[in-house]
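Visitor: So here's model_3.tsv, just TSV, C-alpha atoms:
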```tsv
chain	number	residue	atom	x	y	z
G	161	MET	CA	68.71	102.01	104.97
G	162	ALA	CA	71.05	103.81	107.36
G	163	GLN	CA	71.96	100.52	108.93
G	164	SER	CA	72.84	98.78	105.68
G	165	LEU	CA	74.73	101.89	104.61
G	166	ALA	CA	76.89	101.65	107.72
G	167	LYS	CA	77.30	97.92	107.14
G	168	GLU	CA	78.52	98.38	103.57
G	169	PHE	CA	80.93	101.04	104.73
G	170	THR	CA	82.43	99.20	107.68
G	171	LYS	CA	82.83	95.81	106.01
G	172	GLY	CA	85.71	97.30	104.00
G	173	LEU	CA	87.54	98.18	107.20
G	174	TRP	CA	87.81	94.70	108.69
G	175	ALA	CA	85.57	91.90	107.42
G	176	GLU	CA	86.55	92.34	103.77
G	177	ILE	CA	89.62	94.53	104.09
G	178	PRO	CA	91.73	94.42	100.96
G	179	PRO	CA	94.30	93.04	100.34
G	180	PHE	CA	94.17	90.80	103.42
G	181	ARG	CA	90.66	89.38	103.24
G	182	LEU	CA	90.08	90.09	99.60
G	183	VAL	CA	93.37	88.85	98.14
G	184	LEU	CA	93.20	91.30	95.27
G	185	GLY	CA	95.32	94.23	94.22
G	186	LEU	CA	98.58	92.76	95.41
G	187	CYS	CA	100.79	94.53	92.87
G	188	PRO	CA	100.47	98.07	94.25
G	189	THR	CA	100.38	96.67	97.78
G	190	LEU	CA	103.79	95.09	97.45
G	191	ALA	CA	105.40	97.61	95.16
G	192	VAL	CA	104.63	100.99	96.69
G	193	THR	CA	104.77	100.21	100.42
G	194	LYS	CA	108.44	101.04	100.85
G	195	SER	CA	107.25	103.92	102.99
G	196	VAL	CA	104.09	105.06	104.77
G	197	GLU	CA	103.87	108.13	102.56
G	198	ASN	CA	103.78	106.16	99.31
G	199	GLY	CA	101.25	103.76	100.80
G	200	ILE	CA	98.88	106.56	101.78
G	201	GLY	CA	99.26	108.27	98.41
G	202	MET	CA	98.51	105.10	96.49
G	203	GLY	CA	95.61	104.25	98.82
G	204	LEU	CA	93.97	107.64	98.37
G	205	ALA	CA	94.38	107.56	94.59
G	206	THR	CA	92.74	104.12	94.51
G	207	THR	CA	89.96	105.30	96.85
G	208	PHE	CA	89.13	108.18	94.52
G	209	VAL	CA	88.91	105.85	91.52
G	210	LEU	CA	86.87	103.30	93.49
G	211	VAL	CA	84.29	105.79	94.76
G	212	PHE	CA	83.68	107.50	91.44
G	213	SER	CA	83.75	104.40	89.26
G	214	ASN	CA	81.36	102.68	91.68
G	215	LEU	CA	79.05	105.70	91.56
G	216	LEU	CA	79.01	105.95	87.78
G	217	ILE	CA	78.68	102.22	87.20
G	218	SER	CA	75.85	102.03	89.70
G	219	LEU	CA	74.03	104.90	87.99
G	220	LEU	CA	74.46	103.25	84.60
G	221	ARG	CA	73.78	99.71	85.79
G	222	ASN	CA	70.48	99.47	83.92
G	223	VAL	CA	71.88	101.01	80.75
G	224	ILE	CA	75.04	98.95	80.25
G	225	PRO	CA	74.31	95.75	78.27
G	226	THR	CA	75.43	92.66	80.20
G	227	LYS	CA	77.46	91.22	77.34
G	228	VAL	CA	79.89	94.10	77.03
G	229	ARG	CA	79.79	95.18	80.68
G	230	ILE	CA	83.47	94.45	81.45
G	231	ALA	CA	84.63	96.61	78.55
G	232	CYS	CA	82.31	99.42	79.70
G	233	TYR	CA	83.58	99.17	83.28
G	234	ILE	CA	87.17	99.32	82.12
G	235	VAL	CA	86.56	102.45	80.08
G	236	ILE	CA	84.85	104.14	83.04
G	237	ILE	CA	87.66	103.13	85.41
G	238	ALA	CA	90.35	104.21	82.94
G	239	THR	CA	88.72	107.64	82.68
G	240	PHE	CA	88.93	108.21	86.43
G	241	VAL	CA	92.48	106.86	86.52
G	242	THR	CA	93.47	109.38	83.87
G	243	ILE	CA	91.92	112.14	85.99
G	244	VAL	CA	93.90	111.02	89.05
G	245	GLU	CA	97.05	110.80	86.98
G	246	LEU	CA	96.71	114.35	85.66
G	247	VAL	CA	95.75	115.78	89.06
G	248	MET	CA	98.69	114.10	90.78
G	249	GLN	CA	101.07	115.24	88.09
G	250	ALA	CA	99.91	118.81	88.61
G	251	PHE	CA	99.74	119.01	92.41
G	252	THR	CA	101.84	116.24	93.97
G	253	TYR	CA	104.64	115.84	91.47
G	254	PRO	CA	107.25	114.18	93.78
G	255	LEU	CA	104.72	111.52	94.80
G	256	PHE	CA	103.70	111.10	91.17
G	257	LEU	CA	107.32	110.32	90.28
G	258	LYS	CA	107.70	107.86	93.16
G	259	LEU	CA	104.58	105.88	92.34
G	260	GLY	CA	105.55	105.87	88.66
G	261	ILE	CA	103.74	103.36	86.48
G	262	PHE	CA	101.63	102.18	89.38
G	263	ILE	CA	99.26	105.11	88.93
G	264	PRO	CA	98.17	104.15	85.38
G	265	LEU	CA	98.12	100.55	86.60
G	266	ILE	CA	95.19	101.31	88.94
G	267	VAL	CA	93.17	100.51	85.81
G	268	VAL	CA	94.10	96.85	86.10
G	269	ASN	CA	93.85	96.78	89.89
G	270	CYS	CA	91.49	93.87	90.45
G	271	ILE	CA	89.94	95.53	93.51
G	272	VAL	CA	88.37	98.28	91.42
G	273	LEU	CA	87.02	95.99	88.73
G	274	GLY	CA	86.03	93.44	91.37
G	275	ARG	CA	83.90	95.95	93.28
G	276	ALA	CA	82.32	97.18	90.04
G	277	GLU	CA	81.35	93.66	89.03
G	278	ALA	CA	80.42	92.28	92.44
G	279	PHE	CA	78.77	95.29	94.04
G	280	ALA	CA	78.18	98.46	92.02
G	281	SER	CA	76.46	96.67	89.16
G	282	LYS	CA	73.80	95.28	91.52
G	283	ASN	CA	73.18	98.06	94.05
G	284	ASN	CA	71.94	101.63	94.16
G	285	PRO	CA	74.38	104.57	93.91
G	286	VAL	CA	74.32	105.49	97.62
G	287	LEU	CA	75.26	101.98	98.70
G	288	ALA	CA	77.84	101.75	95.93
G	289	VAL	CA	79.56	104.92	97.11
G	290	ALA	CA	79.56	103.65	100.71
G	291	ASP	CA	81.07	100.38	99.53
G	292	GLY	CA	83.72	102.13	97.44
G	293	LEU	CA	84.61	104.47	100.27
G	294	GLY	CA	84.84	101.65	102.81
G	295	ILE	CA	86.95	99.38	100.65
G	296	GLY	CA	89.12	102.33	99.60
G	297	ILE	CA	89.78	103.46	103.16
G	298	GLY	CA	90.45	99.86	104.18
G	299	PHE	CA	92.96	99.58	101.35
G	300	THR	CA	94.63	102.84	102.39
G	301	LEU	CA	94.90	101.62	106.00
G	302	SER	CA	96.43	98.32	104.89
G	303	LEU	CA	98.95	100.03	102.66
G	304	ALA	CA	99.84	102.53	105.38
G	305	SER	CA	100.32	99.82	108.01
G	306	LEU	CA	102.36	97.60	105.70
G	307	GLY	CA	104.37	100.69	104.75
G	308	ALA	CA	104.88	101.49	108.42
G	309	VAL	CA	106.13	97.98	109.23
G	310	ARG	CA	108.53	97.98	106.32
G	311	GLU	CA	109.76	101.52	106.87
G	312	ILE	CA	110.33	101.07	110.59
G	313	LEU	CA	112.12	97.74	110.21
G	314	GLY	CA	113.93	98.64	107.02
G	315	ALA	CA	114.95	102.23	107.61
G	316	GLY	CA	114.28	102.82	111.31
G	317	THR	CA	112.38	106.02	110.62
G	318	ILE	CA	109.04	107.29	109.38
G	319	THR	CA	109.06	110.38	107.19
G	320	ILE	CA	105.85	111.88	105.91
G	321	TRP	CA	105.83	114.59	103.25
G	322	GLY	CA	109.46	115.62	103.51
G	323	GLY	CA	111.08	117.36	106.44
G	324	ASN	CA	112.34	115.58	109.51
G	325	PRO	CA	111.33	112.04	110.38
G	326	VAL	CA	108.30	112.00	112.69
G	327	PHE	CA	109.50	108.76	114.20
G	328	ASP	CA	113.12	107.74	114.65
G	329	ILE	CA	114.65	104.73	116.39
G	330	THR	CA	117.95	104.66	114.53
G	331	THR	CA	119.80	105.66	117.72
G	332	TRP	CA	119.43	102.14	119.07
G	333	TYR	CA	118.13	100.14	116.13
G	334	GLN	CA	120.17	98.82	113.23
G	335	PRO	CA	117.96	99.11	110.09
G	336	PHE	CA	117.38	95.87	108.27
G	337	THR	CA	117.45	96.85	104.57
G	338	TYR	CA	115.98	93.51	103.52
G	339	MET	CA	112.57	94.85	104.53
G	340	VAL	CA	112.51	97.77	102.09
G	341	GLU	CA	113.82	95.60	99.25
G	342	ALA	CA	111.57	93.45	97.07
G	343	PRO	CA	111.84	90.14	99.01
G	344	GLY	CA	110.96	91.83	102.30
G	345	ALA	CA	107.65	92.96	100.86
G	346	PHE	CA	106.52	89.38	100.34
G	347	ALA	CA	107.66	88.26	103.77
G	348	ALA	CA	106.09	91.26	105.54
G	349	LEU	CA	102.74	90.81	103.80
G	350	GLY	CA	102.76	87.04	104.40
G	351	LEU	CA	103.46	87.48	108.09
G	352	MET	CA	100.86	90.24	108.50
G	353	LEU	CA	98.30	88.02	106.80
G	354	ALA	CA	99.17	85.20	109.20
G	355	GLY	CA	98.84	87.60	112.13
G	356	MET	CA	95.42	88.64	110.95
G	357	ASN	CA	94.31	85.04	110.57
G	358	LEU	CA	95.52	84.38	114.10
G	359	ILE	CA	93.56	87.31	115.58
G	360	SER	CA	90.30	86.55	113.79
G	361	LYS	CA	90.42	82.84	114.77
G	362	LYS	CA	89.72	83.67	118.42
Z	48	MET	CA	125.38	92.54	73.09
Z	49	GLU	CA	123.13	95.35	74.17
Z	50	TYR	CA	120.13	93.16	73.41
Z	51	PHE	CA	121.62	90.23	75.29
Z	52	GLU	CA	122.15	92.42	78.34
Z	53	LEU	CA	118.60	93.69	78.07
Z	54	ALA	CA	117.29	90.14	77.93
Z	55	ILE	CA	119.30	88.96	80.93
Z	56	GLY	CA	118.36	92.10	82.83
Z	57	SER	CA	114.65	91.71	82.15
Z	58	ILE	CA	114.52	88.00	82.85
Z	59	PHE	CA	116.58	87.80	86.02
Z	60	ILE	CA	117.48	91.13	87.56
Z	61	ASN	CA	114.36	93.16	86.96
Z	62	ASN	CA	112.14	90.10	86.97
Z	63	ILE	CA	108.65	91.40	86.38
Z	64	LEU	CA	107.11	89.37	89.20
Z	65	LEU	CA	109.76	89.24	91.88
Z	66	ALA	CA	111.46	92.60	91.48
Z	67	GLN	CA	108.81	94.83	89.92
Z	68	PHE	CA	105.70	93.29	91.52
Z	69	LEU	CA	103.61	93.28	88.39
Z	70	GLY	CA	101.11	90.51	87.79
Z	71	MET	CA	100.87	89.43	91.41
Z	72	CYS	CA	97.24	88.26	91.17
Z	73	PRO	CA	97.90	85.44	88.69
Z	74	PHE	CA	101.18	84.76	90.51
Z	75	VAL	CA	99.31	83.93	93.70
Z	76	GLY	CA	96.14	82.67	92.02
Z	77	THR	CA	97.46	80.23	89.43
Z	78	SER	CA	100.48	78.84	91.24
Z	79	LYS	CA	98.76	76.19	93.32
Z	80	LYS	CA	99.17	73.60	90.58
Z	81	MET	CA	101.97	73.18	88.09
Z	82	GLU	CA	99.58	72.68	85.17
Z	83	THR	CA	97.79	76.00	85.63
Z	84	ALA	CA	101.11	77.77	86.12
Z	85	VAL	CA	102.40	76.45	82.79
Z	86	GLY	CA	99.14	77.40	81.04
Z	87	MET	CA	99.24	80.91	82.43
Z	88	SER	CA	102.90	81.38	81.51
Z	89	MET	CA	102.26	80.36	77.91
Z	90	ALA	CA	99.28	82.68	77.61
Z	91	VAL	CA	101.32	85.55	79.03
Z	92	VAL	CA	104.26	85.03	76.64
Z	93	PHE	CA	101.85	85.04	73.72
Z	94	VAL	CA	99.82	88.08	74.72
Z	95	MET	CA	102.65	90.15	76.19
Z	96	VAL	CA	104.73	90.05	73.00
Z	97	MET	CA	101.75	90.95	70.80
Z	98	ALA	CA	100.57	93.66	73.18
Z	99	GLY	CA	104.09	95.08	73.36
Z	100	MET	CA	104.27	95.43	69.59
Z	101	ILE	CA	100.80	96.90	69.18
Z	102	THR	CA	100.89	99.36	72.07
Z	103	TRP	CA	104.32	100.57	70.95
Z	104	SER	CA	102.95	101.29	67.49
Z	105	VAL	CA	99.83	102.93	68.87
Z	106	ASP	CA	101.91	105.17	71.11
Z	107	MET	CA	104.35	106.13	68.35
Z	108	PHE	CA	102.05	106.59	65.38
Z	109	LEU	CA	98.83	107.67	67.05
Z	110	LEU	CA	99.28	109.20	70.49
Z	111	LYS	CA	102.61	110.94	69.92
Z	112	ALA	CA	101.73	111.98	66.39
Z	113	LEU	CA	98.46	113.55	67.50
Z	114	ASN	CA	99.99	114.89	70.72
Z	115	VAL	CA	97.43	113.22	72.98
Z	116	GLU	CA	99.73	111.28	75.33
Z	117	TYR	CA	97.32	111.74	78.22
Z	118	LEU	CA	95.06	109.17	76.58
Z	119	ARG	CA	97.76	106.52	76.98
Z	120	THR	CA	96.20	104.67	79.92
Z	121	LEU	CA	92.79	104.55	78.31
Z	122	SER	CA	93.99	103.50	74.87
Z	123	PHE	CA	96.43	100.87	76.14
Z	124	ILE	CA	93.84	99.09	78.23
Z	125	LEU	CA	91.43	99.12	75.29
Z	126	VAL	CA	94.09	97.77	72.95
Z	127	ILE	CA	94.98	94.99	75.40
Z	128	ALA	CA	91.36	94.06	76.10
Z	129	SER	CA	90.43	93.88	72.44
Z	130	LEU	CA	93.65	92.06	71.59
Z	131	VAL	CA	92.90	89.38	74.16
Z	132	GLN	CA	89.37	89.03	72.81
Z	133	PHE	CA	90.66	88.81	69.25
Z	134	VAL	CA	93.36	86.28	70.10
Z	135	GLU	CA	90.78	84.19	71.88
Z	136	MET	CA	88.45	84.11	68.88
Z	137	PHE	CA	91.31	83.46	66.47
Z	138	LEU	CA	92.73	80.56	68.49
Z	139	LYS	CA	89.30	79.02	68.99
Z	140	LYS	CA	88.75	78.94	65.23
Z	141	SER	CA	92.17	78.03	63.91
Z	142	ILE	CA	94.29	76.39	66.64
Z	143	PRO	CA	91.78	74.66	68.95
Z	144	GLY	CA	94.56	72.62	70.59
Z	145	LEU	CA	96.36	75.69	71.88
Z	146	TYR	CA	93.06	77.31	72.82
Z	147	ALA	CA	92.12	74.33	74.97
Z	148	GLY	CA	95.57	74.44	76.56
Z	149	LEU	CA	95.36	78.10	77.48
Z	150	GLY	CA	91.77	77.69	78.62
Z	151	ILE	CA	90.45	80.27	81.04
Z	152	PHE	CA	93.80	82.03	81.34
Z	153	LEU	CA	93.36	84.02	78.17
Z	154	PRO	CA	90.42	86.17	79.34
Z	155	LEU	CA	92.08	86.61	82.74
Z	156	ILE	CA	95.04	88.27	81.09
Z	157	THR	CA	93.08	91.46	80.43
Z	158	THR	CA	93.41	92.39	84.08
Z	159	ASN	CA	96.94	91.08	84.40
Z	160	CYS	CA	98.96	94.15	85.23
Z	161	ALA	CA	102.17	92.51	84.02
Z	162	VAL	CA	101.02	92.89	80.42
Z	163	MET	CA	100.06	96.52	80.73
Z	164	GLY	CA	103.06	97.19	82.99
Z	165	ALA	CA	105.51	95.80	80.43
Z	166	CYS	CA	103.93	97.96	77.72
Z	167	LEU	CA	104.17	101.08	79.90
Z	168	LEU	CA	107.79	100.28	80.83
Z	169	ASN	CA	108.69	100.04	77.14
Z	170	ILE	CA	107.28	103.51	76.62
Z	171	SER	CA	108.80	105.09	79.72
Z	172	ASN	CA	112.24	103.66	78.85
Z	173	GLU	CA	111.86	105.12	75.35
Z	174	PHE	CA	112.89	101.91	73.60
Z	175	VAL	CA	113.04	101.62	69.81
Z	176	PHE	CA	110.76	99.01	68.26
Z	177	THR	CA	113.13	96.03	68.23
Z	178	LYS	CA	114.26	96.76	71.76
Z	179	ALA	CA	110.66	97.01	72.96
Z	180	LEU	CA	109.96	93.67	71.33
Z	181	MET	CA	113.01	92.11	73.00
Z	182	SER	CA	112.13	93.51	76.40
Z	183	SER	CA	108.47	92.39	76.17
Z	184	PHE	CA	109.58	88.90	75.27
Z	185	SER	CA	112.18	88.74	78.05
Z	186	TYR	CA	109.74	90.05	80.65
Z	187	ALA	CA	107.28	87.37	79.59
Z	188	VAL	CA	109.96	84.67	79.84
Z	189	GLY	CA	110.92	85.99	83.27
Z	190	PHE	CA	107.25	85.87	84.29
Z	191	GLY	CA	106.99	82.25	83.16
Z	192	LEU	CA	110.22	81.25	84.86
Z	193	ALA	CA	109.28	82.78	88.20
Z	194	LEU	CA	105.72	81.44	88.08
Z	195	VAL	CA	106.75	77.87	87.24
Z	196	LEU	CA	109.52	77.86	89.87
Z	197	PHE	CA	107.11	79.22	92.46
Z	198	ALA	CA	104.42	76.68	91.59
Z	199	GLY	CA	106.94	73.87	91.99
Z	200	VAL	CA	108.06	75.06	95.40
Z	201	ARG	CA	104.50	75.74	96.50
Z	202	GLU	CA	103.35	72.24	95.62
Z	203	ARG	CA	106.06	70.85	97.87
Z	204	VAL	CA	105.38	73.31	100.69
Z	205	ASN	CA	101.71	72.33	100.77
Z	206	LEU	CA	102.69	68.71	101.38
Z	207	GLY	CA	104.35	69.69	104.65
Z	208	ARG	CA	102.60	70.54	107.88
Z	209	VAL	CA	102.03	74.28	107.83
Z	210	PRO	CA	100.74	76.00	110.99
Z	211	LYS	CA	97.10	76.94	110.61
Z	212	PRO	CA	97.28	80.75	110.48
Z	213	LEU	CA	100.11	80.55	107.94
Z	214	GLN	CA	98.30	78.27	105.53
Z	215	ASP	CA	97.64	78.98	101.86
Z	216	THR	CA	98.31	82.57	100.75
Z	217	SER	CA	100.35	83.50	103.78
Z	218	ILE	CA	102.97	80.77	103.44
Z	219	GLY	CA	102.84	81.31	99.69
Z	220	LEU	CA	103.91	84.93	100.08
Z	221	ILE	CA	106.72	84.03	102.45
Z	222	THR	CA	107.92	81.39	99.98
Z	223	ALA	CA	107.81	84.03	97.23
Z	224	GLY	CA	109.94	86.25	99.45
Z	225	ILE	CA	112.62	83.60	99.67
Z	226	ILE	CA	112.54	83.01	95.91
Z	227	ALA	CA	112.78	86.76	95.36
Z	228	LEU	CA	115.81	86.79	97.64
Z	229	THR	CA	117.57	84.25	95.43
Z	230	PHE	CA	116.79	86.38	92.39
Z	231	THR	CA	118.48	89.41	93.96
Z	232	SER	CA	121.78	87.54	93.73
Z	233	PHE	CA	121.68	87.98	89.93
Z	234	ARG	CA	122.16	91.70	90.42
Z	235	GLY	CA	125.90	91.75	89.88
Z	236	MET	CA	125.61	90.09	86.47
Z	237	VAL	CA	125.01	93.02	84.15
```
Please, can you express the file's structure as C-alpha cells?

Guide:
Amino acid sequence: MAQSLAKEFTKGLWAEIPPFRLVLGLCPTLAVTKSVENGIGMGLATTFVLVFSNLLISLLRNVIPTKVRIACYIVIIATFVTIVELVMQAFTYPLFLKLGIFIPLIVVNCIVLGRAEAFASKNNPVLAVADGLGIGIGFTLSLASLGAVREILGAGTITIWGGNPVFDITTWYQPFTYMVEAPGAFAALGLMLAGMNLISKK
Amino acid sequence: MEYFELAIGSIFINNILLAQFLGMCPFVGTSKKMETAVGMSMAVVFVMVMAGMITWSVDMFLLKALNVEYLRTLSFILVIASLVQFVEMFLKKSIPGLYAGLGIFLPLITTNCAVMGACLLNISNEFVFTKALMSSFSYAVGFGLALVLFAGVRERVNLGRVPKPLQDTSIGLITAGIIALTFTSFRGMV
C-alpha cells in the first residue's frame, strides 16, 4: 500500500509529468508562463482543484452512473474551480488579475478531467489524492521552470511576489523580448520537450 | 466600421490560438492531418457562435438579474456541455451529412477551452449582444484559419527528416511559434 502510494505520487513528477509527458493542459501552460510567479500561482490553483476533485470523484465512484459520468465530473470540477476563483479574488488579488480568464478555464483543463476519468474513477480515495497531488506538483514544477526560462531569457530577471528581482543578469545580458511574447512560448515549450526527450532516451 | 475592426482584431491580431493560447489541445491534437483540421474548424465555428449567443443571454438575463455572477463558471460549462450534446442529437437526426463530417470532433468540443474562453471574453469585455455575436464568430474564424494553416505546414514538416528528440509534438510547437510570429506582424493594422 505504502509502496503503491509513493509510486502514484512520484509518477507525476517525472514519468507522467504534465504537460511534457501527458500532452494535456497546454493552454494555461503557454499563456501564463510569462513569469515564474504566474506559473507557480496557476500550478497551485490547478493542484488544489486536482486533489479535491480527485478525492470527491473517487469517493463517489460507485454512486455516479457511468452514462452521465462526464457531466458529473464537470460539475464537481467546476465547483472547486469556483472556490479557487473566490479565494484568489479575496486573498491574492494582483495574481487573480494577472491570470484573468485562465482561472475559470481550469474547468476545461484536460489534465483535471483526464485524471478524473483515467484514475480517480477507478481507484480508492487515498490513491486518488496521491495521484492528484503528484500530477499537480509536477504541473507546478513544469510551469515554474518554463516560466523561469522565459523570464530569464525574455526579461533578464526573476521577480517573485513584488519587491526587487531575486535574480538579475541585465547588467551583461540583453533581454530577448521574443521569449515573453506569444511566439516565444511555443518555441520554448517545444525546445524543452525536445530536451526532455533527449535526456530520457539515454 | 467598429464591427469590421473588431472582426479583423479577433481574427488576426488577437487570434484565439496563436495570441491568446486558448484551445491548444485540439490545435496540437487534430492538426496532424488536413481533413481532421477542417472538421474541427467547422465544428468550432458552429458551436462557438451558438455558445456565444446562449451564454451571453444566460449571463445577462439570469446571472446578472439574480445577482449570482459567482456561478458563471459553473453555469457556462453546463450550458456548453448540454449545447454540444443537443447539437449532436439534432444533427444526427436532421442533417446526417454534416454530422458524419464533424464526426468525433463535436463531443470533444466540450473540453475545448477556446469555446468557453471566447464566451468569457465576451462577458469580460462587456460587449452588447450583436458585438458578442460578431466577436464569437470572428474568434471561431480565426481558430479555423490558424488550425488549417498549421495543419498544412505540419504535414509538410513531417515529410522532412526531423531529428529524433524533436519529432512530433516538439517540432509541431516550434512550427506553431513561427506561425505565431507571422501573426504578430498584423498588430499595426487596427

Visitor: With a distance threshold of 6 Å and counting only C-alpha atoms, extract the residues of chain G near chain Z and express them as a list in words.

Guide: Leu186, Cys187, Ala191, Ala238, Pro264, Val268, Ala342, Pro343, Phe346, Ala347, Gly350, Leu353, Ala354, Asn357 and Leu358 of chain G

Visitor: With C-alpha atoms kept, could you save the residues just selected as a CSV table (one decimal), in the frame of the given file?

Guide:
```csv
chain,number,residue,atom,x,y,z
G,186,LEU,CA,98.6,92.8,95.4
G,187,CYS,CA,100.8,94.5,92.9
G,191,ALA,CA,105.4,97.6,95.2
G,238,ALA,CA,90.4,104.2,82.9
G,264,PRO,CA,98.2,104.2,85.4
G,268,VAL,CA,94.1,96.8,86.1
G,342,ALA,CA,111.6,93.4,97.1
G,343,PRO,CA,111.8,90.1,99.0
G,346,PHE,CA,106.5,89.4,100.3
G,347,ALA,CA,107.7,88.3,103.8
G,350,GLY,CA,102.8,87.0,104.4
G,353,LEU,CA,98.3,88.0,106.8
G,354,ALA,CA,99.2,85.2,109.2
G,357,ASN,CA,94.3,85.0,110.6
G,358,LEU,CA,95.5,84.4,114.1
```

Visitor: Please write out, as lines of an AutoDock Vina configuration file, where the centre of an axis-aligned box around all listed atoms of range 137-149 of chain Z lies and how long its edges are, in Å to one decimal, after adding 8 Å on each side.

Guide:
```
center_x = 92.6
center_y = 78.0
center_z = 70.7
size_x = 23.6
size_y = 26.8
size_z = 29.6
```

Visitor: One number please: CA of Leu173 in chain G to CA of Leu219 in chain G, in Å, one decimal.

Guide: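 Computed distance, CA of Leu173 in chain G to CA of Leu219 in chain G, equals 24.4 Å.
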
Visitor: For a cut-off of 12 Å around (104.5, 116.1, 104.1), file coordinates, pick out all residues using only C-alpha atoms and list them as a ChimeraX atom specification.

Guide: /G:196-198,200-201,252,254-255,318-326

Visitor: What does the distance between CA of Glu82 in chain Z and CA of Gly199 in chain Z come to in Å, to one decimal place?

Guide: 10.1 Å

Visitor: So how many Å separate CA of Thr83 in chain Z and CA of Asn205 in chain Z, to one decimal?

Guide: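 Calculated distance between CA of Thr83 in chain Z and CA of Asn205 in chain Z is 16.1 Å.
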
Visitor: Contacts of Ser57 in chain Z at 8 Å or less, counting only C-alpha atoms, minus same-chain residues fewer than 3 places along, as number ranges by chain?

Guide: Z: 53-54, 60-63, 182, 185-186, 189

Visitor: Contacts of range 305-307 of chain G at 10 Å or less, counting only C-alpha atoms, minus same-chain residues fewer than 5 places along, as a list in words?

Guide: Thr189, Leu190, Val192, Thr193, Lys194, Ser195, Val196, Glu197, Asn198, Gly199, Ile200, Phe299, Thr300, Ile312, Leu313, Ile318, Val340, Ala345, Ala348, Leu349 and Met352 of chain G

Visitor: I need the chosen residues saved as a tab-separated table (two decimals), keeping the file's coordinate frame, with C-alpha atoms.

Guide:
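Written out: result_17.tsv:
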```tsv
chain	number	residue	atom	x	y	z
G	189	THR	CA	100.38	96.67	97.78
G	190	LEU	CA	103.79	95.09	97.45
G	192	VAL	CA	104.63	100.99	96.69
G	193	THR	CA	104.77	100.21	100.42
G	194	LYS	CA	108.44	101.04	100.85
G	195	SER	CA	107.25	103.92	102.99
G	196	VAL	CA	104.09	105.06	104.77
G	197	GLU	CA	103.87	108.13	102.56
G	198	ASN	CA	103.78	106.16	99.31
G	199	GLY	CA	101.25	103.76	100.80
G	200	ILE	CA	98.88	106.56	101.78
G	299	PHE	CA	92.96	99.58	101.35
G	300	THR	CA	94.63	102.84	102.39
G	312	ILE	CA	110.33	101.07	110.59
G	313	LEU	CA	112.12	97.74	110.21
G	318	ILE	CA	109.04	107.29	109.38
G	340	VAL	CA	112.51	97.77	102.09
G	345	ALA	CA	107.65	92.96	100.86
G	348	ALA	CA	106.09	91.26	105.54
G	349	LEU	CA	102.74	90.81	103.80
G	352	MET	CA	100.86	90.24	108.50
```

Visitor: At most 12 Å from (113.3, 93.5, 75.3), file frame, all atoms listed in the file: which residues, as an NGL selection string?

Guide: :Z and (49-58 or 61 or 95-96 or 99-100 or 165-166 or 168-170 or 172-189)

Visitor: Nearest residue to Ile261 in chain G out of G:Val241, G:Ala231, G:Leu215, G:Leu204, using only C-alpha atoms?

Guide: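 Checking each candidate against Ile261 in chain G, we get G:Val241 as the closest.
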
Visitor: Quick one: of G:Leu351, G:Ser281, G:Pro335, G:Asn269, who's nearest to Thr226 in chain G, counting all atoms listed in the file?

Guide: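 Nearest to Thr226 in chain G: G:Ser281.
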